[in-house]
file query_37.tsv (TSV, C-alpha atoms)
chain	number	residue	atom	x	y	z
A	1482	MET	CA	32.08	9.55	-26.87
A	1483	ILE	CA	28.49	9.70	-25.55
A	1484	LYS	CA	27.54	6.89	-27.93
A	1485	LYS	CA	30.26	4.70	-26.45
A	1486	ALA	CA	29.20	5.51	-22.92
A	1487	VAL	CA	25.57	4.68	-23.69
A	1488	SER	CA	26.45	1.36	-25.28
A	1489	PHE	CA	28.70	0.56	-22.33
A	1490	VAL	CA	25.84	1.23	-19.90
A	1491	VAL	CA	23.48	-0.94	-21.96
A	1492	ILE	CA	26.00	-3.79	-21.97
A	1493	ALA	CA	26.48	-3.41	-18.21
A	1494	ILE	CA	22.71	-3.59	-17.59
A	1495	PHE	CA	22.38	-6.67	-19.77
A	1496	SER	CA	25.26	-8.44	-18.05
A	1497	LEU	CA	23.74	-7.66	-14.64
A	1498	MET	CA	20.44	-9.21	-15.77
A	1499	LEU	CA	22.20	-12.26	-17.23
A	1500	PHE	CA	24.30	-12.63	-14.09
A	1501	ALA	CA	21.15	-12.71	-11.97
A	1502	VAL	CA	19.77	-15.49	-14.16
A	1503	ILE	CA	23.00	-17.51	-14.06
A	1504	LYS	CA	23.33	-17.16	-10.28
A	1505	GLU	CA	19.90	-18.67	-9.76
A	1506	TRP	CA	20.38	-21.44	-12.33
A	1507	GLU	CA	20.70	-25.05	-11.27
A	1508	THR	CA	20.58	-28.30	-13.20
A	1509	ALA	CA	17.10	-29.78	-13.30
A	1510	SER	CA	17.16	-33.14	-11.57
A	1511	ARG	CA	13.54	-34.07	-12.26
A	1512	LEU	CA	10.79	-33.15	-14.69
A	1513	LYS	CA	8.69	-30.07	-14.23
A	1514	PRO	CA	4.92	-30.66	-13.81
A	1515	LEU	CA	4.04	-29.84	-17.44
A	1516	ALA	CA	6.79	-32.09	-18.83
A	1517	ARG	CA	5.76	-34.91	-16.50
A	1518	GLU	CA	2.19	-34.56	-17.72
A	1519	TYR	CA	3.32	-34.93	-21.35
A	1520	VAL	CA	5.62	-37.87	-20.60
A	1521	THR	CA	3.00	-39.84	-18.71
A	1522	ARG	CA	0.01	-39.09	-20.95
A	1523	GLU	CA	1.54	-39.24	-24.42
A	1524	PRO	CA	2.23	-42.99	-25.03
A	1525	ALA	CA	-1.32	-44.01	-24.14
A	1526	GLU	CA	-2.96	-41.05	-25.84
A	1527	LEU	CA	-1.12	-40.60	-29.13
A	1528	GLY	CA	1.27	-43.56	-29.37
A	1529	ALA	CA	4.30	-41.85	-30.91
A	1530	SER	CA	7.57	-43.15	-29.50
A	1531	ASN	CA	9.31	-39.83	-30.18
A	1532	LEU	CA	7.73	-37.55	-27.61
A	1533	VAL	CA	9.05	-34.38	-29.24
A	1534	THR	CA	7.16	-35.21	-32.43
A	1535	ALA	CA	3.92	-35.79	-30.55
A	1536	ILE	CA	4.24	-32.37	-28.94
A	1537	VAL	CA	5.27	-30.59	-32.14
A	1538	VAL	CA	2.64	-32.14	-34.40
A	1539	THR	CA	-0.33	-32.67	-32.11
A	1540	TYR	CA	-0.24	-30.90	-28.75
A	1541	ARG	CA	1.35	-27.80	-30.31
A	1542	GLY	CA	0.21	-28.48	-33.87
A	1543	LEU	CA	-1.12	-24.98	-34.44
A	1544	ASP	CA	2.34	-23.53	-33.74
A	1545	THR	CA	3.83	-25.81	-36.39
A	1546	LEU	CA	1.20	-24.67	-38.89
A	1547	GLY	CA	2.20	-21.12	-38.05
A	1548	GLU	CA	5.88	-21.91	-38.60
A	1549	VAL	CA	5.16	-23.44	-41.98
A	1550	THR	CA	3.14	-20.32	-42.86
A	1551	VAL	CA	6.04	-18.06	-41.84
A	1552	LEU	CA	8.40	-20.08	-44.02
A	1553	PHE	CA	5.91	-19.87	-46.89
A	1554	LEU	CA	5.74	-16.08	-46.51
A	1555	ALA	CA	9.54	-15.87	-46.50
A	1556	ALA	CA	9.72	-17.96	-49.67
A	1557	ALA	CA	7.04	-15.81	-51.30
A	1558	GLY	CA	8.94	-12.64	-50.36
A	1559	VAL	CA	12.19	-13.96	-51.83
A	1560	GLY	CA	10.31	-14.99	-54.96
A	1561	LEU	CA	8.72	-11.55	-55.24
A	1562	PHE	CA	11.94	-9.57	-54.97
A	1563	LEU	CA	14.34	-11.93	-56.69
A	1564	LYS	CA	12.25	-13.41	-59.42
A	1565	LEU	CA	14.14	-15.23	-62.07
A	1566	ARG	CA	15.17	-13.01	-64.89
A	1567	ASP	CA	15.26	-14.68	-68.26
A	1568	ARG	CA	18.25	-12.64	-69.32
A	1569	GLU	CA	20.92	-15.31	-69.50
A	1570	LYS	CA	24.37	-14.44	-68.33
A	1571	LYS	CA	26.81	-14.10	-71.17
A	1572	THR	CA	29.94	-14.84	-69.17
A	1573	PRO	CA	30.85	-18.50	-69.59
A	1574	ARG	CA	30.77	-20.35	-66.31
A	1575	ARG	CA	33.66	-22.44	-65.11
A	1576	ASN	CA	32.56	-26.05	-65.25
A	1577	SER	CA	32.71	-28.22	-62.16
A	1578	SER	CA	35.39	-30.86	-62.01
A	1579	GLU	CA	34.67	-34.39	-63.12
A	1580	ILE	CA	35.24	-35.74	-59.59
A	1581	LEU	CA	32.63	-33.40	-58.12
A	1582	LYS	CA	30.07	-34.22	-60.82
A	1583	THR	CA	30.48	-37.98	-60.48
A	1584	GLY	CA	30.54	-37.82	-56.69
A	1585	ILE	CA	27.36	-35.75	-56.51
A	1586	THR	CA	25.61	-38.08	-58.94
A	1587	PHE	CA	26.39	-40.97	-56.60
A	1588	VAL	CA	25.65	-39.22	-53.31
A	1589	LEU	CA	22.55	-37.20	-54.25
A	1590	PRO	CA	19.99	-40.06	-54.30
A	1591	ALA	CA	21.24	-41.16	-50.88
A	1592	ILE	CA	20.82	-37.63	-49.50
A	1593	ILE	CA	17.28	-37.30	-50.83
A	1594	MET	CA	16.43	-40.75	-49.48
A	1595	PHE	CA	17.84	-39.83	-46.09
A	1596	GLY	CA	15.65	-36.73	-46.00
A	1597	VAL	CA	12.58	-38.83	-46.80
A	1598	TYR	CA	13.66	-41.33	-44.12
A	1599	ILE	CA	13.91	-38.55	-41.55
A	1600	PHE	CA	10.40	-37.29	-42.09
A	1601	LEU	CA	8.82	-40.73	-42.48
A	1602	ASN	CA	10.39	-41.86	-39.20
A	1603	GLY	CA	9.65	-38.61	-37.41
A	1604	HIS	CA	7.37	-40.31	-34.91
A	1605	LEU	CA	9.96	-43.00	-34.09
A	1606	THR	CA	13.40	-41.38	-34.15
A	1607	PRO	CA	14.65	-37.81	-33.71
A	1608	GLY	CA	13.83	-35.60	-36.64
A	1609	GLY	CA	10.71	-34.79	-38.56
A	1610	GLY	CA	9.21	-32.72	-41.32
A	1611	PHE	CA	11.37	-29.64	-40.95
A	1612	GLN	CA	14.62	-31.56	-40.62
A	1613	GLY	CA	13.84	-33.93	-43.48
A	1614	GLY	CA	12.77	-31.05	-45.72
A	1615	ALA	CA	15.98	-29.17	-44.94
A	1616	VAL	CA	18.07	-32.25	-45.79
A	1617	ILE	CA	16.28	-32.62	-49.13
A	1618	ALA	CA	16.82	-28.92	-49.86
A	1619	SER	CA	20.53	-29.24	-49.09
A	1620	GLY	CA	20.66	-32.10	-51.59
A	1621	VAL	CA	19.16	-29.81	-54.21
A	1622	LEU	CA	21.66	-27.15	-53.15
A	1623	LEU	CA	24.52	-29.55	-53.98
A	1624	LEU	CA	22.91	-30.10	-57.36
A	1625	LEU	CA	22.67	-26.33	-57.96
A	1626	LEU	CA	26.29	-25.81	-56.97
A	1627	THR	CA	27.64	-28.64	-59.08
A	1628	PHE	CA	25.68	-28.09	-62.27
A	1629	PRO	CA	25.46	-24.29	-62.76
A	1630	ASP	CA	23.00	-24.58	-65.64
A	1631	TYR	CA	20.58	-26.83	-63.77
A	1632	ARG	CA	17.14	-25.32	-63.26
A	1633	PRO	CA	14.61	-27.14	-61.06
A	1634	LYS	CA	11.17	-27.71	-62.56
A	1635	TYR	CA	9.32	-24.80	-60.98
A	1636	GLY	CA	5.87	-25.96	-62.03
A	1637	ALA	CA	6.28	-29.30	-60.28
A	1638	ILE	CA	7.82	-27.68	-57.20
A	1639	HIS	CA	5.00	-25.18	-56.82
A	1640	THR	CA	2.35	-27.84	-57.38
A	1641	ILE	CA	3.87	-30.11	-54.71
A	1642	GLU	CA	4.17	-27.18	-52.33
A	1643	SER	CA	0.58	-25.99	-52.68
A	1644	LEU	CA	-0.86	-29.50	-52.59
A	1645	SER	CA	1.04	-30.53	-49.47
A	1646	GLY	CA	0.10	-27.29	-47.71
A	1647	THR	CA	-3.57	-27.83	-48.58
A	1648	PHE	CA	-3.50	-31.45	-47.46
A	1649	TYR	CA	-1.80	-30.44	-44.20
A	1650	VAL	CA	-4.68	-28.12	-43.36
A	1651	LEU	CA	-7.20	-30.73	-44.56
A	1652	ALA	CA	-5.62	-33.30	-42.21
A	1653	GLY	CA	-6.01	-30.78	-39.41
A	1654	ILE	CA	-9.69	-30.30	-40.27
A	1655	ALA	CA	-10.15	-34.09	-40.46
A	1656	GLY	CA	-8.86	-34.23	-36.89
A	1657	LEU	CA	-11.34	-31.54	-35.94
A	1658	VAL	CA	-14.26	-33.45	-37.47
A	1659	LEU	CA	-13.36	-37.08	-36.75
A	1660	ALA	CA	-11.35	-36.79	-33.52
A	1661	GLY	CA	-10.84	-34.44	-30.60
A	1662	GLY	CA	-9.68	-31.20	-32.21
A	1663	PHE	CA	-7.71	-29.39	-34.90
A	1664	LEU	CA	-4.65	-31.46	-35.94
A	1665	ASP	CA	-5.66	-34.29	-33.62
A	1666	ASN	CA	-3.88	-37.36	-35.00
A	1667	ARG	CA	-6.32	-39.94	-33.71
A	1668	PHE	CA	-8.60	-40.04	-36.76
A	1669	LEU	CA	-6.37	-42.84	-38.06
A	1670	PRO	CA	-5.80	-46.06	-36.05
A	1671	ALA	CA	-3.03	-45.75	-33.49
A	1672	GLY	CA	-1.29	-49.00	-34.52
A	1673	ASN	CA	1.40	-50.72	-32.49
A	1674	PHE	CA	3.66	-48.48	-30.43
A	1675	GLY	CA	7.04	-48.10	-32.13
A	1676	GLN	CA	6.15	-49.33	-35.61
A	1677	ILE	CA	6.37	-47.35	-38.82
A	1678	LEU	CA	2.59	-47.30	-39.31
A	1679	SER	CA	1.61	-46.07	-35.88
A	1680	ALA	CA	0.80	-42.88	-34.01
A	1681	GLY	CA	-2.31	-42.18	-36.07
A	1682	ALA	CA	-1.91	-39.40	-38.61
A	1683	ILE	CA	1.52	-38.16	-37.45
A	1684	PRO	CA	3.49	-39.85	-40.30
A	1685	LEU	CA	0.97	-38.49	-42.81
A	1686	ILE	CA	1.13	-34.95	-41.45
A	1687	TYR	CA	4.92	-35.07	-41.25
A	1688	THR	CA	5.11	-36.22	-44.86
A	1689	PHE	CA	3.12	-33.16	-45.91
A	1690	ILE	CA	5.28	-30.87	-43.74
A	1691	GLY	CA	8.47	-32.46	-45.10
A	1692	LEU	CA	7.40	-32.04	-48.73
A	1693	LYS	CA	6.27	-28.48	-48.13
A	1694	VAL	CA	9.42	-27.40	-46.28
A	1695	GLY	CA	11.66	-29.16	-48.81
A	1696	THR	CA	10.04	-27.55	-51.83
A	1697	GLU	CA	9.86	-24.13	-50.14
A	1698	LEU	CA	13.56	-24.15	-49.23
A	1699	THR	CA	14.40	-25.39	-52.72
A	1700	GLY	CA	12.42	-22.47	-54.15
A	1701	ILE	CA	14.24	-19.97	-51.90
A	1702	LEU	CA	17.65	-21.41	-52.87
A	1703	SER	CA	17.01	-21.41	-56.60
A	1704	ASN	CA	15.52	-17.91	-56.46
A	1705	MET	CA	18.58	-16.67	-54.56
A	1706	LYS	CA	20.87	-18.33	-57.06
A	1707	GLY	CA	18.95	-17.22	-60.14
A	1708	GLU	CA	20.88	-14.70	-62.15
B	1112	MET	CA	35.70	-34.89	-20.06
B	1113	PHE	CA	32.15	-34.01	-21.02
B	1114	GLN	CA	32.41	-30.70	-19.18
B	1115	ILE	CA	35.65	-29.85	-20.97
B	1116	ALA	CA	34.07	-30.58	-24.38
B	1117	ILE	CA	31.08	-28.37	-23.57
B	1118	PHE	CA	33.43	-25.63	-22.36
B	1119	ILE	CA	35.51	-25.77	-25.56
B	1120	MET	CA	32.34	-25.62	-27.69
B	1121	GLY	CA	31.04	-22.62	-25.77
B	1122	VAL	CA	34.33	-20.73	-26.06
B	1123	SER	CA	34.52	-21.50	-29.79
B	1124	MET	CA	30.96	-20.23	-30.25
B	1125	ILE	CA	31.80	-16.94	-28.52
B	1126	ALA	CA	35.01	-16.66	-30.56
B	1127	GLY	CA	33.08	-17.27	-33.79
B	1128	ALA	CA	30.45	-14.68	-32.87
B	1129	VAL	CA	33.12	-12.08	-32.06
B	1130	LEU	CA	34.92	-12.85	-35.32
B	1131	ALA	CA	31.65	-12.38	-37.22
B	1132	ILE	CA	31.31	-8.87	-35.79
B	1133	VAL	CA	34.95	-7.78	-35.96
B	1134	SER	CA	35.91	-9.16	-39.37
B	1135	ARG	CA	36.18	-6.67	-42.25
B	1136	SER	CA	35.19	-9.19	-44.90
B	1137	LEU	CA	31.51	-10.13	-45.22
B	1138	ILE	CA	32.37	-13.62	-46.45
B	1139	VAL	CA	34.43	-14.32	-43.33
B	1140	SER	CA	31.56	-13.03	-41.16
B	1141	VAL	CA	29.02	-15.30	-42.85
B	1142	VAL	CA	31.24	-18.34	-42.46
B	1143	ALA	CA	31.88	-17.44	-38.80
B	1144	VAL	CA	28.12	-17.33	-38.16
B	1145	GLY	CA	27.87	-20.76	-39.77
B	1146	VAL	CA	30.59	-22.05	-37.44
B	1147	VAL	CA	28.65	-20.69	-34.43
B	1148	SER	CA	25.59	-22.64	-35.62
B	1149	LEU	CA	27.64	-25.78	-36.13
B	1150	PHE	CA	29.03	-25.73	-32.59
B	1151	ALA	CA	25.57	-24.88	-31.26
B	1152	SER	CA	24.15	-27.97	-32.95
B	1153	VAL	CA	26.83	-30.20	-31.39
B	1154	LEU	CA	26.06	-28.61	-28.02
B	1155	TYR	CA	22.35	-29.38	-28.45
B	1156	LEU	CA	23.30	-32.98	-29.16
B	1157	PHE	CA	25.36	-33.10	-25.95
B	1158	LEU	CA	22.47	-31.60	-24.01
B	1159	SER	CA	20.30	-34.49	-25.34
B	1160	ALA	CA	18.12	-32.51	-27.75
B	1161	PRO	CA	18.78	-34.39	-31.04
B	1162	ASP	CA	15.71	-32.94	-32.79
B	1163	VAL	CA	16.89	-29.36	-32.25
B	1164	ALA	CA	20.45	-30.36	-33.15
B	1165	MET	CA	19.32	-31.70	-36.53
B	1166	THR	CA	17.39	-28.53	-37.30
B	1167	GLU	CA	20.28	-26.32	-36.28
B	1168	ALA	CA	22.82	-28.30	-38.33
B	1169	ALA	CA	20.68	-28.49	-41.48
B	1170	ILE	CA	19.11	-25.03	-41.47
B	1171	GLY	CA	21.41	-22.90	-39.30
B	1172	ALA	CA	24.80	-24.19	-40.36
B	1173	GLY	CA	23.92	-25.39	-43.86
B	1174	LEU	CA	21.18	-23.60	-45.73
B	1175	SER	CA	21.19	-20.16	-44.10
B	1176	THR	CA	24.97	-19.85	-44.56
B	1177	VAL	CA	24.59	-20.54	-48.27
B	1178	ILE	CA	21.62	-18.16	-48.57
B	1179	PHE	CA	23.70	-15.42	-46.89
B	1180	LEU	CA	26.59	-16.13	-49.26
B	1181	TYR	CA	24.27	-15.83	-52.27
B	1182	ALA	CA	22.93	-12.56	-50.86
B	1183	VAL	CA	26.46	-11.18	-50.39
B	1184	LYS	CA	27.34	-12.16	-53.94
B	1185	LYS	CA	24.19	-10.57	-55.35
B	1186	THR	CA	24.58	-7.23	-53.55
B	1187	ARG	CA	28.25	-7.04	-54.51
B	1188	ASN	CA	27.42	-7.48	-58.20
B	1189	ARG	CA	24.77	-4.75	-57.94
B	1190	ASP	CA	27.30	-2.35	-56.46
B	1191	MET	CA	29.73	-3.01	-59.29
B	1192	GLU	CA	27.05	-2.35	-61.90
B	1193	ASN	CA	26.27	1.03	-60.35
B	1194	ASP	CA	29.89	2.19	-60.22

call {"tool": "encode", "arguments": {"input": "query_37.tsv", "output": "structure tokens"}}
result
Amino acid sequence: MIKKAVSFVVIAIFSLMLFAVIKEWETASRLKPLAREYVTREPAELGASNLVTAIVVTYRGLDTLGEVTVLFLAAAGVGLFLKLRDREKKTPRRNSSEILKTGITFVLPAIIMFGVYIFLNGHLTPGGGFQGGAVIASGVLLLLLTFPDYRPKYGAIHTIESLSGTFYVLAGIAGLVLAGGFLDNRFLPAGNFGQILSAGAIPLIYTFIGLKVGTELTGILSNMKGE
Amino acid sequence: MFQIAIFIMGVSMIAGAVLAIVSRSLIVSVVAVGVVSLFASVLYLFLSAPDVAMTEAAIGAGLSTVIFLYAVKKTRNRDMEND
């Protein structure tokens, strides 16, 4: 009874706070000063036509490095607790249907290619390293679901993951040495605005992020699936 | 029209979240959370944040749902072994 009363009071307090926020809320009709600063400065400074990417990779690059580190820690934790046991399951698995197998075989290369497209075009169109990596990992997930006996090559996955993480940090240090600061993308030529080879090092950095996120999520998925 | 679509999405998200809490079956709860993420990603798209929408659709609605399902399956097997 008391428990219910307490939770009711807590809910009431929260709804009062939320109501105050909603009452004050109005649709923004123009940019706030910080956003206007980014919008006006970015095209001349960094030259990425997708503004979100410029903010995520360069202006707030350290945050992205932190996110990748958090994801890495999560993957390491899953790997620690759910490491693959060699003990094979004796129960015979039900095989996937022929339609599913053939369909996946056709669709999978397109999915992987789309993921690569997303992170290579991160500085031009919406999307980027995280999104592309997640799309690649969902392609691998389809593979894992369709072919129950399929095991990804862990050696290759771990090598790609460590190498791309190292090169990501090295690109950041190159920005520190050759340009204005850590993860500054201007140590490569800016190129023409809106072309695939433009925006300095952003495509390079996003390729590393995409590979790292893709391999990390693949590792998490196959560790979770491992019997 | 736009307003109505956003309203329907919001109501479906709340309904999915409530279903995730109320439901007795863990599988239903996990799928309901995935549905919440799916509607959230469409909402982000409507609110002109395509980058966030892509992340939410791929990670929130896709991968994390499957990871939760694997986790449910694993813990259930463990319980059976102990019985």

call {"tool": "closest_atom_pairs", "arguments": {"input": "query_37.tsv", "of": "chain A", "to": "chain B", "cutoff": "6 Å", "atoms": "all atoms listed in the file", "output": "JSON lines"}}
result
{"residue": "A:Pro1607", "atom": "CA", "partner": "B:Asp1162", "partner_atom": "CA", "distance": 5.1}
{"residue": "A:Gly1608", "atom": "CA", "partner": "B:Asp1162", "partner_atom": "CA", "distance": 5.0}
{"residue": "A:Gln1612", "atom": "CA", "partner": "B:Thr1166", "partner_atom": "CA", "distance": 5.3}
{"residue": "A:Ala1615", "atom": "CA", "partner": "B:Ala1169", "partner_atom": "CA", "distance": 5.9}

call {"tool": "write_last_selection", "arguments": {"input": "query_37.tsv", "atoms": "C-alpha atoms", "output": "PDB file, keeping the file's coordinate frame"}}
result
ATOM      1  CA  PRO A1607      14.650 -37.810 -33.710  1.00  0.00           C
ATOM      2  CA  GLY A1608      13.830 -35.600 -36.640  1.00  0.00           C
ATOM      3  CA  GLN A1612      14.620 -31.560 -40.620  1.00  0.00           C
ATOM      4  CA  ALA A1615      15.980 -29.170 -44.940  1.00  0.00           C
TER       5      ALA A1615
END

call {"tool": "atom_distance", "arguments": {"input": "query_37.tsv", "atom1": "CA of Ala1591 in chain A", "atom2": "CA of Tyr1687 in chain A"}}
result
19.9 Å

call {"tool": "residues_around", "arguments": {"input": "query_37.tsv", "residues": "Thr1539 in chain A", "least_positions_apart": "5", "cutoff": "7 Å", "atoms": "all atoms listed in the file", "output": "list in words"}}
result
Leu1664, Asp1665 and Asn1666 of chain A

call {"tool": "atom_distance", "arguments": {"input": "query_37.tsv", "atom1": "CA of Ala1556 in chain A", "atom2": "CA of Phe1663 in chain A"}}
result
25.5 Å

call {"tool": "atom_distance", "arguments": {"input": "query_37.tsv", "atom1": "CA of Leu1698 in chain A", "atom2": "CA of Val1537 in chain A"}}
result
20.1 Å

call {"tool": "closest_residue", "arguments": {"input": "query_37.tsv", "among": "A:Ser1679, A:Val1616, A:His1604, A:Phe1611", "to": "Pro1590 in chain A", "atoms": "only C-alpha atoms"}}
result
A:Val1616

call {"tool": "closest_residue", "arguments": {"input": "query_37.tsv", "among": "B:Leu1154, B:Ile1117, B:Thr1186, B:Gly1145", "to": "Ala1131 in chain B", "atoms": "all atoms listed in the file"}}
result
B:Gly1145
